[in-house]
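Let me begin by presenting the structure, written as structure tokens, before commenting on it.
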Number of protein chains: 2
Amino acid sequence: MSILFDRITLIGIGLIGSSIARDIKELCLAGELVISTRSEATLQRAEELGLGDRYVTSAAEAVKDADLIIVSVPVGSSGAVAEQIAPNLKAGAILTDVGSTKASVMAQMAPHVPEGVHFIPGHPLAGTEKSGPDAGFAGLFKGRWCIFTPLPDTDPVALGRLRGFWDALGSRIDEMDPQHHDKVLAIVSHLPHIIAYNIVGTADDLETVTESEVIKYSASGFRDFTRLAASDPTMWRDVCLHNKDAILEMLARFSEDLASLQRAIRWGEGDKLFELFSRTRTIRRSIVEAGQDVDAPDFGRHALDPKA
Amino acid sequence: MSILFDRITLIGIGLIGSSIARDIKELCLAGELVISTRSEATLQRAEELGLGDRYVTSAAEAVKDADLIIVSVPVGSSGAVAEQIAPNLKAGAILTDVGSTKASVMAQMAPHVPEGVHFIPGHPLAGTEKSGPDAGFAGLFKGRWCIFTPLPDTDPVALGRLRGFWDALGSRIDEMDPQHHDKVLAIVSHLPHIIAYNIVGTADDLETVTESEVIKYSASGFRDFTRLAASDPTMWRDVCLHNKDAILEMLARFSEDLASLQRAIRWGEGDKLFELFSRTRTIRRSIVEAGQDVDAPDFGRHALDPKA
């Protein structure tokens with residue numbers, strides 16, 4: 001591939017930031033790649049891993065003369081980062097982010113962005129339950145969606161350049177308004193994570209079943225939840241705090257449905273249970289057909305298990 | 001391996017039954033393997049797949065002169081099967097099952113079991129979200145737990161022979177009382193399935209987010225739940241109806257915890273969220289260390305995805 005931006009600055013070098021860095025390097029998309037993160041230790045680790053060309057603790061320093069700036073920090077820190085870097089952003093630069101909530105990030109960042117800088121909020125729907133610069137890998141975004149929530153007056157040329165960047169990483173690109181993004185993500189991502197954290201917490205607190213029993217017999221269903229519940233706590237605390245309304249709406253729906261299911265179990269309403277349990281099967285099939293999950297039973301884990 | 005039983009009869013030839021059949025054949029554990037299932041079509045499919053030596057629609061016929069009988073039907077049908085086969089069970093035979101609930105299955109089957117027949121309830125903790133005779137495979141039970149809930153007067157020699165059988169299939173074996181089994185399974189298996197069915201149902205019913213959006217963006221967390229929610233509806237209806245008390249107890253705990261988490265989100269209690277989200281990480285690590293899940297990020301799916 002050819003160079004798409006003379007200088008790219010990445011602020012934050014966790015799972016997402018470091019995966020972007022690896023892709024940029026591998027595909028030679030930047031003339032120079034500058035990496036910045038607050039933590040000295042993380043920055044040093046990024047340098048040891050050879051993720052960039054230059055390593056800078058100060059975000060304000062790091063963005064000087066950058067053509068593309070990608071902010072990959074927990075969403076609660078977006079405003080502070082925008083405030084720090086704003087004075088040094090050059091005219092014509094593109095500023096984007098990867099945050100899981102969009103209305104809050106836009107409200108936090110937009111007021112700081114100087115005129116002449118193209119702020120285009122984005123969200124690549126990719127990741128694993130691991131975190132930190134060691135967890136990233138090239139190719140993370142291949143075949144995954146990247147959603148932009150552009151402001152109404154966004155420059156189409158700048159948007160086109162940013163689309164080209166994510167396209168180079170192999171992403172499929174969508175656009176929607178930030179409020180809709182936040183509702184969609186609340187159901188496909190935020191609620192699943194919250195439910196997973198909750199059930200793992202419940203299991204951890206039981207008196208009648210020991211934690212070692214839960215661990216020992218987890219392959220019968222429970223372990224599927226533990227993957228999401230192993231995700232980065234800071235990131236998910238911030239998501240909960242910054243997409244509160246949509247999450248509370250989805251939680252209310254979920255709880256209402258669960259109360260009805262609980263009632264069906266209590267009163268032995270077999271037909272009602274059968275109807276729900278049949279309906280949900282179809283969705284799995286559609287997800288596999290849409291290429292959004294593997295077709296192998298048990299997520300293909302059996303084949304990967306050395307003990308199997 | 002050598003022949004462990006002269007004649008084994010399998011009643012029910014779904015995912016579990018047909019996996020047992022494949023192992024018996026592959027390891028030559030039976031002098032003769034008789035397969036029985038109510039449905040003519042399923043029995044024919046079992047024959048096409050060459051799963052046994054003899055195929056019989058009538059369970060009562062099938063058990064004649066069998067030394068080991070394994071009942072692998074939805075737990076709600078256990079009583080009816082026991083009643084049908086009881087008159088033809090030979091003295092000294094071992095009768096076992098694979099049901100996911102144990103107190104109910106024992107209450108349904110035990111009254112029908114004639115004196116001299118060794119009834120030893122069992123539950124192999126293995127399976128995938130697929131069902132039917134085509135979904136089974138040899139090696140399904142390797143490294144997985146099989147839990148026996150023997151009656152107090154169980155003949156130790158018969159129990160030893162049944163343990164030997166599951167040991168040959170590669171299972172690790174445990175024993176516990178049926179009430180404790182039902183509580184343990186309620187948290188590690190039944191609650192996770194019910195929660196998964198419920199969230200997939202909730203997502204399916206939303207007006208503000210379309211089903212196609214849910215499918216399209218499912219890789220951001222939601223898809224992890226759809227696997228469990230694609231499990232056999234008949235099996236899971238029966239589990240809900242036959243382990244009601246333990247399931248309702250776990251559901252109550254889960255809902256209580258969820259209400260508290262919901263409150264923490266509403267009131268912006270970041271520390272509380274962070275504490276829960278950190279605690280759950282440890283359990284994932286223990287599960288991987290106990291060999292109950294793969295160590296690969298994202299269940300290793302990324303490596304399996306042809307588009308990645």
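Residues are referred to by chain and number: the chain letter is A, B, ... according to the order shown in the structure tokens, the number counts from 1 in that chain, and ligands are numbered separately from 1 in the order shown.
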Tell me which protein, DNA and RNA residues are within 12 Å of Trp267 (chain A), counting only C-alpha atoms, leaving out same-chain ones fewer than 5 positions away, and put them as a list in words.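 The contact residues come out as Ser260, Leu261, Gln262, Lys272 and Leu273 of chain A; Cys240, Leu241, His242, Lys244, Asp245 and Leu248 of chain B.
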DSSP on the backbone, alpha helix (DSSP H) only: what residues of region 23-164 of chain B does that give? Format it as a VMD selection string. chain B and resid 23 to 27 40 to 48 59 to 62 78 to 85 103 to 109 156 to 164
Contact residues around Ser131 (chain A) with only C-alpha atoms at 7 Å, ignoring same-chain residues under 4 positions, as a list in words: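 Counting only C-alpha atoms, the residues come to Gly14, Leu15, Ala135 and Asp232 of chain A.
Once Phe148 (chain A) and its same-chain neighbours fewer than 4 positions away are set aside, Pro121, Gly122, His123, Asp174, Glu175 and Met176 of chain A remain within 7 Å of it when counting only C-alpha atoms.
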With only C-alpha atoms as the basis for distance, which of B:Ala203, B:Val157, B:Ala196, B:Ala126 is at the shortest distance from Ser218 (chain A)? B:Ala126
